[in-house]
Amino acid sequence: MATGTNLRTYFDGTWHEGDVPVMKAGDHGAWLGTTVFDGARFVDGMAPDLDRHLARVNASAEALMIKPTVDVDEMLEIVREGLALYPKDAAVYIRPMYWGIEGGYLGILPDQSATGFAVALEEIPMAAPDASMTLTTTRFRRPVLEDAVVNAKAGCLYPNNARMLAEARAKGYTNALVADALGNVAETASANVFMVKDGEVFTPIANGTFLSGITRARHIENLRADGVTVHEAVLSFDDFRAADEVFLSGNLNKVTPVTEFDGTMYQHGPVTRRVRELYWDWAASR
(Lines give C-alpha, C1' and ligand atoms only; values in the text may rest on other atoms or scores of the structure.)
Protein backbone atom coordinates (compact mmCIF):
# COMPACT_ATOMS: atom_id res chain seq x y z
CA MET A 1 0.00 0.00 0.00
CA ALA A 2 1.41 3.37 -0.99
CA THR A 3 1.63 6.32 1.40
CA GLY A 4 1.18 8.96 -1.28
CA THR A 5 -0.42 9.19 -4.73
CA ASN A 6 0.64 8.91 -8.37
CA LEU A 7 3.03 6.04 -7.66
CA ARG A 8 5.52 4.77 -10.22
CA THR A 9 7.85 1.80 -9.79
CA TYR A 10 11.16 0.97 -11.43
CA PHE A 11 11.61 -2.81 -11.53
CA ASP A 12 13.23 -5.30 -13.87
CA GLY A 13 14.88 -2.59 -15.94
CA THR A 14 11.93 -0.33 -16.68
CA TRP A 15 9.45 2.11 -15.16
CA HIS A 16 5.88 0.92 -14.50
CA GLU A 17 2.70 2.81 -13.63
CA GLY A 18 1.42 2.15 -10.12
CA ASP A 19 2.30 0.00 -7.13
CA VAL A 20 3.90 -2.97 -8.89
CA PRO A 21 4.47 -6.30 -7.01
CA VAL A 22 8.23 -6.79 -6.73
CA MET A 23 8.79 -9.45 -4.04
CA LYS A 24 7.89 -13.15 -3.98
CA ALA A 25 6.81 -15.17 -0.95
CA GLY A 26 10.06 -17.15 -0.97
CA ASP A 27 12.36 -14.14 -1.18
CA HIS A 28 14.75 -13.84 1.75
CA GLY A 29 13.55 -10.28 2.30
CA ALA A 30 9.91 -11.36 2.60
CA TRP A 31 10.73 -14.27 4.88
CA LEU A 32 13.59 -12.98 7.05
CA GLY A 33 13.45 -9.23 6.67
CA THR A 34 16.58 -8.45 4.66
CA THR A 35 15.19 -5.22 3.23
CA VAL A 36 16.81 -1.79 3.07
CA PHE A 37 15.66 1.48 1.58
CA ASP A 38 16.44 5.16 1.53
CA GLY A 39 14.36 8.25 1.08
CA ALA A 40 15.10 11.40 -0.90
CA ARG A 41 12.94 14.32 -1.98
CA PHE A 42 12.12 16.08 -5.24
CA VAL A 43 10.57 19.50 -4.56
CA ASP A 44 10.12 22.39 -7.01
CA GLY A 45 12.58 20.81 -9.40
CA MET A 46 15.20 20.22 -6.69
CA ALA A 47 16.44 16.89 -5.32
CA PRO A 48 18.72 17.88 -2.43
CA ASP A 49 21.57 15.47 -1.59
CA LEU A 50 20.07 12.82 -3.88
CA ASP A 51 23.49 11.28 -4.55
CA ARG A 52 24.14 10.87 -0.82
CA HIS A 53 20.83 9.10 -0.30
CA LEU A 54 21.55 6.72 -3.17
CA ALA A 55 25.03 6.01 -1.84
CA ARG A 56 23.55 5.28 1.58
CA VAL A 57 21.11 2.67 0.28
CA ASN A 58 24.11 0.78 -1.13
CA ALA A 59 25.91 1.05 2.21
CA SER A 60 22.77 -0.16 3.99
CA ALA A 61 22.60 -3.20 1.72
CA GLU A 62 26.18 -4.09 2.57
CA ALA A 63 25.42 -3.75 6.29
CA LEU A 64 22.63 -6.34 5.90
CA MET A 65 24.99 -8.62 3.93
CA ILE A 66 23.09 -8.28 0.69
CA LYS A 67 24.99 -7.21 -2.40
CA PRO A 68 24.11 -3.80 -3.90
CA THR A 69 23.82 -4.21 -7.65
CA VAL A 70 23.33 -0.65 -8.97
CA ASP A 71 26.02 2.00 -8.62
CA VAL A 72 25.16 5.57 -7.68
CA ASP A 73 25.59 7.05 -11.16
CA GLU A 74 23.30 4.44 -12.71
CA MET A 75 20.76 4.93 -9.93
CA LEU A 76 20.84 8.69 -10.52
CA GLU A 77 19.96 8.12 -14.17
CA ILE A 78 17.11 5.79 -13.23
CA VAL A 79 15.66 8.24 -10.70
CA ARG A 80 15.96 11.22 -13.03
CA GLU A 81 14.19 9.26 -15.76
CA GLY A 82 11.34 8.55 -13.35
CA LEU A 83 11.15 12.12 -12.06
CA ALA A 84 10.77 13.37 -15.63
CA LEU A 85 7.34 11.71 -15.59
CA TYR A 86 6.13 14.16 -12.90
CA PRO A 87 5.32 17.87 -13.11
CA LYS A 88 8.29 20.03 -12.14
CA ASP A 89 6.35 21.48 -9.20
CA ALA A 90 5.39 18.05 -7.81
CA ALA A 91 6.59 17.02 -4.35
CA VAL A 92 7.89 13.47 -4.84
CA TYR A 93 9.25 10.97 -2.34
CA ILE A 94 12.10 8.92 -3.84
CA ARG A 95 12.57 5.45 -2.36
CA PRO A 96 15.31 3.12 -3.70
CA MET A 97 15.12 -0.39 -2.20
CA TYR A 98 17.08 -3.63 -2.05
CA TRP A 99 16.12 -7.00 -0.60
CA GLY A 100 17.63 -10.44 -0.32
CA ILE A 101 16.28 -13.12 -2.67
CA GLU A 102 18.08 -16.39 -2.01
CA GLY A 103 18.99 -17.87 1.35
CA GLY A 104 22.54 -18.95 2.08
CA TYR A 105 23.92 -20.85 5.06
CA LEU A 106 21.08 -22.41 7.11
CA GLY A 107 18.72 -20.25 5.08
CA ILE A 108 19.48 -17.40 7.47
CA LEU A 109 22.48 -15.81 5.82
CA PRO A 110 21.40 -14.11 2.60
CA ASP A 111 23.07 -15.40 -0.55
CA GLN A 112 24.77 -12.45 -2.21
CA SER A 113 24.38 -13.95 -5.67
CA ALA A 114 20.87 -12.53 -6.04
CA THR A 115 19.52 -9.17 -4.86
CA GLY A 116 16.19 -7.53 -5.59
CA PHE A 117 16.17 -3.86 -6.56
CA ALA A 118 13.39 -1.36 -7.14
CA VAL A 119 12.74 2.37 -6.94
CA ALA A 120 9.36 3.75 -5.92
CA LEU A 121 8.32 7.32 -6.62
CA GLU A 122 5.16 8.78 -5.15
CA GLU A 123 3.73 12.23 -4.68
CA ILE A 124 3.69 13.22 -1.00
CA PRO A 125 3.18 16.92 -0.26
CA MET A 126 5.64 18.77 1.92
CA ALA A 127 4.20 19.72 5.29
CA ALA A 128 3.31 23.38 5.77
CA PRO A 129 6.16 25.45 7.28
CA ASP A 130 4.16 25.92 10.49
CA ALA A 131 3.18 22.24 10.83
CA SER A 132 4.50 21.01 14.17
CA MET A 133 4.79 17.99 16.44
CA THR A 134 4.50 17.30 20.14
CA LEU A 135 6.76 14.88 21.98
CA THR A 136 6.52 12.52 24.93
CA THR A 137 8.75 9.81 26.34
CA THR A 138 8.48 6.12 25.49
CA ARG A 139 9.57 2.94 27.23
CA PHE A 140 11.06 1.66 23.99
CA ARG A 141 14.69 2.51 23.24
CA ARG A 142 17.13 2.64 20.39
CA PRO A 143 19.15 -0.58 20.12
CA VAL A 144 22.92 -0.84 19.75
CA LEU A 145 24.90 -2.46 16.95
CA GLU A 146 25.30 -5.62 18.98
CA ASP A 147 21.50 -5.99 19.03
CA ALA A 148 20.35 -4.70 15.63
CA VAL A 149 21.55 -3.35 12.29
CA VAL A 150 21.53 0.27 13.40
CA ASN A 151 24.19 1.07 10.78
CA ALA A 152 21.61 0.60 8.01
CA LYS A 153 18.31 2.13 6.98
CA ALA A 154 16.70 -1.28 7.30
CA GLY A 155 13.04 -2.18 7.25
CA CYS A 156 13.48 -4.49 10.22
CA LEU A 157 14.17 -1.50 12.51
CA TYR A 158 10.83 0.16 11.86
CA PRO A 159 8.48 -2.06 13.92
CA ASN A 160 10.27 -0.67 16.98
CA ASN A 161 9.63 2.86 15.70
CA ALA A 162 5.98 1.92 15.23
CA ARG A 163 5.76 0.82 18.88
CA MET A 164 7.14 4.19 19.94
CA LEU A 165 4.67 6.11 17.81
CA ALA A 166 1.72 3.99 18.96
CA GLU A 167 2.62 4.63 22.60
CA ALA A 168 3.02 8.37 21.98
CA ARG A 169 -0.31 8.62 20.16
CA ALA A 170 -2.05 6.72 22.95
CA LYS A 171 -0.78 9.42 25.34
CA GLY A 172 -2.10 12.21 23.10
CA TYR A 173 1.20 13.20 21.47
CA THR A 174 2.33 13.00 17.85
CA ASN A 175 5.85 11.62 18.33
CA ALA A 176 8.25 10.27 20.94
CA LEU A 177 11.61 11.52 22.16
CA VAL A 178 13.63 8.32 22.37
CA ALA A 179 16.53 7.30 24.59
CA ASP A 180 19.50 5.14 23.76
CA ALA A 181 20.51 2.12 25.83
CA LEU A 182 22.12 4.38 28.47
CA GLY A 183 19.07 6.63 28.84
CA ASN A 184 20.43 9.60 26.91
CA VAL A 185 18.38 11.21 24.15
CA ALA A 186 19.06 9.63 20.73
CA GLU A 187 16.39 10.99 18.37
CA THR A 188 12.63 10.71 17.92
CA ALA A 189 10.62 7.78 16.59
CA SER A 190 10.82 9.18 13.06
CA ALA A 191 13.58 11.75 12.76
CA ASN A 192 16.75 13.25 14.21
CA VAL A 193 16.26 15.98 16.79
CA PHE A 194 17.85 19.36 17.61
CA MET A 195 17.38 21.78 20.48
CA VAL A 196 18.25 25.45 20.86
CA LYS A 197 19.46 27.10 24.06
CA ASP A 198 20.56 30.73 24.31
CA GLY A 199 21.03 30.95 20.56
CA GLU A 200 23.24 27.86 20.29
CA VAL A 201 22.14 24.59 18.71
CA PHE A 202 22.56 21.13 20.23
CA THR A 203 21.92 17.68 18.81
CA PRO A 204 22.61 14.20 20.24
CA ILE A 205 26.06 12.98 19.31
CA ALA A 206 26.03 10.19 16.74
CA ASN A 207 26.90 7.27 19.00
CA GLY A 208 25.90 4.41 16.72
CA THR A 209 22.44 3.81 18.19
CA PHE A 210 20.61 5.81 15.52
CA LEU A 211 21.11 6.72 11.88
CA SER A 212 22.84 10.08 11.74
CA GLY A 213 20.84 11.58 8.92
CA ILE A 214 21.96 13.20 5.69
CA THR A 215 19.58 16.11 6.32
CA ARG A 216 20.89 16.35 9.90
CA ALA A 217 24.43 16.74 8.56
CA ARG A 218 23.27 19.35 6.05
CA HIS A 219 21.62 21.44 8.80
CA ILE A 220 24.79 21.32 10.90
CA GLU A 221 26.91 22.41 7.94
CA ASN A 222 24.52 25.21 6.98
CA LEU A 223 24.22 26.53 10.53
CA ARG A 224 27.96 26.59 11.11
CA ALA A 225 28.50 28.37 7.79
CA ASP A 226 25.93 30.93 8.99
CA GLY A 227 27.95 31.55 12.16
CA VAL A 228 25.75 29.55 14.55
CA THR A 229 27.46 27.40 17.17
CA VAL A 230 26.36 23.76 16.89
CA HIS A 231 27.20 21.16 19.54
CA GLU A 232 26.99 17.42 19.02
CA ALA A 233 26.75 16.27 22.62
CA VAL A 234 25.37 13.80 25.13
CA LEU A 235 21.94 15.22 25.98
CA SER A 236 19.37 14.29 28.60
CA PHE A 237 15.61 14.69 28.71
CA ASP A 238 16.15 17.51 31.21
CA ASP A 239 18.30 19.33 28.63
CA PHE A 240 15.31 19.27 26.29
CA ARG A 241 12.97 20.45 29.03
CA ALA A 242 15.25 23.48 29.49
CA ALA A 243 15.50 24.26 25.76
CA ASP A 244 14.20 27.40 24.09
CA GLU A 245 13.34 25.66 20.81
CA VAL A 246 13.22 22.07 19.57
CA PHE A 247 12.93 20.91 15.98
CA LEU A 248 13.11 17.66 14.06
CA SER A 249 15.27 16.94 11.04
CA GLY A 250 14.29 14.32 8.49
CA ASN A 251 14.13 13.74 4.79
CA LEU A 252 10.35 13.75 4.50
CA ASN A 253 9.77 17.33 5.68
CA LYS A 254 13.34 18.58 6.32
CA VAL A 255 12.48 20.78 9.35
CA THR A 256 9.57 20.25 11.77
CA PRO A 257 9.15 22.53 14.79
CA VAL A 258 8.22 20.96 18.12
CA THR A 259 5.75 22.83 20.31
CA GLU A 260 5.66 20.62 23.41
CA PHE A 261 7.56 17.91 25.26
CA ASP A 262 5.50 16.36 28.06
CA GLY A 263 4.05 19.68 29.20
CA THR A 264 7.08 21.84 28.43
CA MET A 265 6.03 24.31 25.75
CA TYR A 266 8.27 25.79 23.05
CA GLN A 267 7.98 28.64 20.61
CA HIS A 268 8.32 28.09 16.88
CA GLY A 269 11.38 30.23 17.19
CA PRO A 270 13.83 32.22 15.08
CA VAL A 271 16.53 29.55 14.92
CA THR A 272 14.09 26.91 13.67
CA ARG A 273 12.85 29.31 11.00
CA ARG A 274 16.43 30.15 10.05
CA VAL A 275 17.32 26.45 9.68
CA ARG A 276 14.50 26.08 7.16
CA GLU A 277 15.58 29.19 5.24
CA LEU A 278 19.19 28.04 5.13
CA TYR A 279 18.24 24.59 3.89
CA TRP A 280 16.11 25.73 0.96
CA ASP A 281 18.53 28.53 0.07
CA TRP A 282 21.29 25.91 -0.06
CA ALA A 283 19.13 23.53 -2.14
CA ALA A 284 18.26 26.26 -4.64
CA SER A 285 21.94 27.12 -5.07
CA ARG A 286 22.96 23.63 -6.29
# chains A, B, ... in the order shown; residues from 1 in each chain; ligands from 1

$ closest_atom_pairs --of "region 95-192 of chain A" --to "region 210-225 of chain A" --cutoff "9 Å" --atoms "only C-alpha atoms" --output "JSON lines"
{"residue": "A:Arg142", "atom": "CA", "partner": "A:Phe210", "partner_atom": "CA", "distance": 6.8}
{"residue": "A:Pro143", "atom": "CA", "partner": "A:Phe210", "partner_atom": "CA", "distance": 8.0}
{"residue": "A:Val144", "atom": "CA", "partner": "A:Phe210", "partner_atom": "CA", "distance": 8.2}
{"residue": "A:Val150", "atom": "CA", "partner": "A:Phe210", "partner_atom": "CA", "distance": 6.0}
{"residue": "A:Asn151", "atom": "CA", "partner": "A:Leu211", "partner_atom": "CA", "distance": 6.5}
{"residue": "A:Ala152", "atom": "CA", "partner": "A:Leu211", "partner_atom": "CA", "distance": 7.3}
{"residue": "A:Lys153", "atom": "CA", "partner": "A:Leu211", "partner_atom": "CA", "distance": 7.3}
{"residue": "A:Asp180", "atom": "CA", "partner": "A:Phe210", "partner_atom": "CA", "distance": 8.3}
{"residue": "A:Ala186", "atom": "CA", "partner": "A:Phe210", "partner_atom": "CA", "distance": 6.6}
{"residue": "A:Glu187", "atom": "CA", "partner": "A:Phe210", "partner_atom": "CA", "distance": 7.3}
{"residue": "A:Ala191", "atom": "CA", "partner": "A:Gly213", "partner_atom": "CA", "distance": 8.2}
{"residue": "A:Asn192", "atom": "CA", "partner": "A:Arg216", "partner_atom": "CA", "distance": 6.7}

$ residues_around --residues "Val119 (chain A)" --least-positions-apart "4" --cutoff "8 Å" --atoms "only C-alpha atoms" --output "PyMOL selection string"
chain A and resi 9-11+79+94-97

$ closest_residue --among "A:Glu81, A:Asp111, A:Asp89, A:Asp71" --to "Asp27 (chain A)" --atoms "only C-alpha atoms"
A:Asp111

$ atom_distance --atom1 "CA of Gly29 (chain A)" --atom2 "CA of Ile101 (chain A)"
6.3 Å

$ residues_around --residues "Leu121 (chain A)" --least-positions-apart "4" --cutoff "10 Å" --atoms "only C-alpha atoms" --output "number ranges by chain"
A: 2, 4-10, 18-19, 39-42, 79, 82-83, 86, 92-96

$ select_by_dssp --residues "region 25-247 of chain A" --states "strand (DSSP E or B)" --output "MDAnalysis selection string"
chainID A and resid 35:37 40:43 46 92:100 103 110 115:123 133:137 154 175:179 185:188 192:197 200:204 230:233 245:247

$ closest_residue --among "A:Pro68, A:Asp239, A:Ala120, A:Thr3" --to "Glu17 (chain A)" --atoms "only C-alpha atoms"
A:Ala120

$ closest_residue --among "A:Val228, A:Arg169, A:Gly208, A:Asn58" --to "Leu278 (chain A)" --atoms "only C-alpha atoms"
A:Val228

$ residues_around --residues "Gly269 (chain A)" --least-positions-apart "4" --cutoff "10 Å" --atoms "only C-alpha atoms" --output "list in words"
Val196, Asp244, Glu245, Val246, Phe247, Pro257, Val258, Thr259, Arg273 and Arg274 of chain A

$ write_last_selection --atoms "all heavy atoms" --output "PDB file, in the first residue's frame"
ATOM      1  N   VAL A 196      17.594  24.154  20.854  1.00  0.00           N
ATOM      2  CA  VAL A 196      18.246  25.452  20.860  1.00  0.00           C
ATOM      3  C   VAL A 196      18.224  25.991  22.278  1.00  0.00           C
ATOM      4  O   VAL A 196      17.179  25.956  22.953  1.00  0.00           O
ATOM      5  CB  VAL A 196      17.531  26.444  19.919  1.00  0.00           C
ATOM      6  CG1 VAL A 196      18.254  27.789  19.891  1.00  0.00           C
ATOM      7  CG2 VAL A 196      17.405  25.863  18.515  1.00  0.00           C
ATOM      8  N   ASP A 244      15.026  26.304  24.587  1.00  0.00           N
ATOM      9  CA  ASP A 244      14.197  27.404  24.091  1.00  0.00           C
ATOM     10  C   ASP A 244      13.389  26.991  22.863  1.00  0.00           C
ATOM     11  O   ASP A 244      12.255  27.453  22.668  1.00  0.00           O
ATOM     12  CB  ASP A 244      15.079  28.604  23.718  1.00  0.00           C
ATOM     13  CG  ASP A 244      15.889  29.111  24.895  1.00  0.00           C
ATOM     14  OD1 ASP A 244      15.351  29.148  26.019  1.00  0.00           O
ATOM     15  OD2 ASP A 244      17.073  29.449  24.696  1.00  0.00           O
ATOM     16  N   GLU A 245      14.002  26.176  22.010  1.00  0.00           N
ATOM     17  CA  GLU A 245      13.339  25.663  20.812  1.00  0.00           C
ATOM     18  C   GLU A 245      13.759  24.214  20.610  1.00  0.00           C
ATOM     19  O   GLU A 245      14.859  23.820  21.014  1.00  0.00           O
ATOM     20  CB  GLU A 245      13.755  26.445  19.554  1.00  0.00           C
ATOM     21  CG  GLU A 245      13.492  27.932  19.570  1.00  0.00           C
ATOM     22  CD  GLU A 245      14.067  28.612  18.325  1.00  0.00           C
ATOM     23  OE1 GLU A 245      13.904  28.057  17.203  1.00  0.00           O
ATOM     24  OE2 GLU A 245      14.689  29.690  18.473  1.00  0.00           O
ATOM     25  N   VAL A 246      12.901  23.437  19.979  1.00  0.00           N
ATOM     26  CA  VAL A 246      13.217  22.075  19.575  1.00  0.00           C
ATOM     27  C   VAL A 246      12.656  21.877  18.169  1.00  0.00           C
ATOM     28  O   VAL A 246      11.543  22.320  17.874  1.00  0.00           O
ATOM     29  CB  VAL A 246      12.611  21.028  20.538  1.00  0.00           C
ATOM     30  CG1 VAL A 246      12.867  19.609  20.034  1.00  0.00           C
ATOM     31  CG2 VAL A 246      13.190  21.197  21.949  1.00  0.00           C
ATOM     32  N   PHE A 247      13.439  21.226  17.312  1.00  0.00           N
ATOM     33  CA  PHE A 247      12.932  20.908  15.975  1.00  0.00           C
ATOM     34  C   PHE A 247      13.469  19.558  15.521  1.00  0.00           C
ATOM     35  O   PHE A 247      14.510  19.087  15.991  1.00  0.00           O
ATOM     36  CB  PHE A 247      13.264  22.009  14.959  1.00  0.00           C
ATOM     37  CG  PHE A 247      14.735  22.237  14.702  1.00  0.00           C
ATOM     38  CD1 PHE A 247      15.402  21.539  13.704  1.00  0.00           C
ATOM     39  CD2 PHE A 247      15.443  23.176  15.455  1.00  0.00           C
ATOM     40  CE1 PHE A 247      16.754  21.766  13.454  1.00  0.00           C
ATOM     41  CE2 PHE A 247      16.794  23.405  15.216  1.00  0.00           C
ATOM     42  CZ  PHE A 247      17.446  22.692  14.210  1.00  0.00           C
ATOM     43  N   PRO A 257       9.087  21.981  13.435  1.00  0.00           N
ATOM     44  CA  PRO A 257       9.152  22.534  14.786  1.00  0.00           C
ATOM     45  C   PRO A 257       8.380  21.683  15.793  1.00  0.00           C
ATOM     46  O   PRO A 257       7.375  21.060  15.448  1.00  0.00           O
ATOM     47  CB  PRO A 257       8.518  23.920  14.636  1.00  0.00           C
ATOM     48  CG  PRO A 257       7.701  23.846  13.395  1.00  0.00           C
ATOM     49  CD  PRO A 257       8.352  22.842  12.505  1.00  0.00           C
ATOM     50  N   VAL A 258       8.873  21.649  17.014  1.00  0.00           N
ATOM     51  CA  VAL A 258       8.219  20.956  18.121  1.00  0.00           C
ATOM     52  C   VAL A 258       7.655  22.012  19.055  1.00  0.00           C
ATOM     53  O   VAL A 258       8.343  22.974  19.409  1.00  0.00           O
ATOM     54  CB  VAL A 258       9.215  20.043  18.866  1.00  0.00           C
ATOM     55  CG1 VAL A 258       8.588  19.461  20.134  1.00  0.00           C
ATOM     56  CG2 VAL A 258       9.692  18.927  17.946  1.00  0.00           C
ATOM     57  N   THR A 259       6.402  21.835  19.451  1.00  0.00           N
ATOM     58  CA  THR A 259       5.754  22.835  20.305  1.00  0.00           C
ATOM     59  C   THR A 259       5.608  22.396  21.760  1.00  0.00           C
ATOM     60  O   THR A 259       5.310  23.221  22.620  1.00  0.00           O
ATOM     61  CB  THR A 259       4.358  23.186  19.758  1.00  0.00           C
ATOM     62  OG1 THR A 259       3.578  21.985  19.630  1.00  0.00           O
ATOM     63  CG2 THR A 259       4.484  23.860  18.395  1.00  0.00           C
ATOM     64  N   ARG A 273      13.201  28.696  12.286  1.00  0.00           N
ATOM     65  CA  ARG A 273      12.848  29.312  11.000  1.00  0.00           C
ATOM     66  C   ARG A 273      14.099  29.541  10.150  1.00  0.00           C
ATOM     67  O   ARG A 273      14.066  29.361   8.924  1.00  0.00           O
ATOM     68  CB  ARG A 273      12.106  30.624  11.239  1.00  0.00           C
ATOM     69  CG  ARG A 273      10.703  30.443  11.834  1.00  0.00           C
ATOM     70  CD  ARG A 273       9.891  31.724  11.737  1.00  0.00           C
ATOM     71  NE  ARG A 273      10.457  32.781  12.563  1.00  0.00           N
ATOM     72  CZ  ARG A 273      10.128  32.977  13.840  1.00  0.00           C
ATOM     73  NH1 ARG A 273       9.242  32.190  14.428  1.00  0.00           N
ATOM     74  NH2 ARG A 273      10.672  33.958  14.523  1.00  0.00           N
ATOM     75  N   ARG A 274      15.194  29.917  10.786  1.00  0.00           N
ATOM     76  CA  ARG A 274      16.432  30.148  10.052  1.00  0.00           C
ATOM     77  C   ARG A 274      16.983  28.846   9.467  1.00  0.00           C
ATOM     78  O   ARG A 274      17.495  28.842   8.338  1.00  0.00           O
ATOM     79  CB  ARG A 274      17.474  30.793  10.973  1.00  0.00           C
ATOM     80  CG  ARG A 274      18.794  31.147  10.292  1.00  0.00           C
ATOM     81  CD  ARG A 274      18.596  32.117   9.163  1.00  0.00           C
ATOM     82  NE  ARG A 274      19.853  32.513   8.540  1.00  0.00           N
ATOM     83  CZ  ARG A 274      19.961  32.969   7.295  1.00  0.00           C
ATOM     84  NH1 ARG A 274      18.878  33.107   6.531  1.00  0.00           N
ATOM     85  NH2 ARG A 274      21.140  33.307   6.810  1.00  0.00           N
TER      86      ARG A 274
END

$ atom_distance --atom1 "CA of Gln267 (chain A)" --atom2 "CA of Gly172 (chain A)"
19.4 Å

$ closest_residue --among "A:Leu177, A:Ala170, A:Val149, A:Leu32" --to "Ile108 (chain A)" --atoms "only C-alpha atoms"
A:Leu32

$ atom_distance --atom1 "CA of Ser132 (chain A)" --atom2 "CA of Gly45 (chain A)"
24.9 Å

$ select_by_dssp --residues "region 120-280 of chain A" --states "alpha helix (DSSP H)" --output "JSON, numbers by chain"
{"A": [158, 159, 160, 161, 162, 163, 164, 165, 166, 167, 168, 169, 170, 214, 215, 216, 217, 218, 219, 220, 221, 222, 223, 224, 225, 237, 238, 239, 240, 241, 270, 271, 272, 273, 274, 275, 276, 277, 278, 279, 280]}

$ closest_residue --among "A:Ala284, A:Leu85, A:Val201, A:Ala206" --to "Ala243 (chain A)" --atoms "only C-alpha atoms"
A:Val201
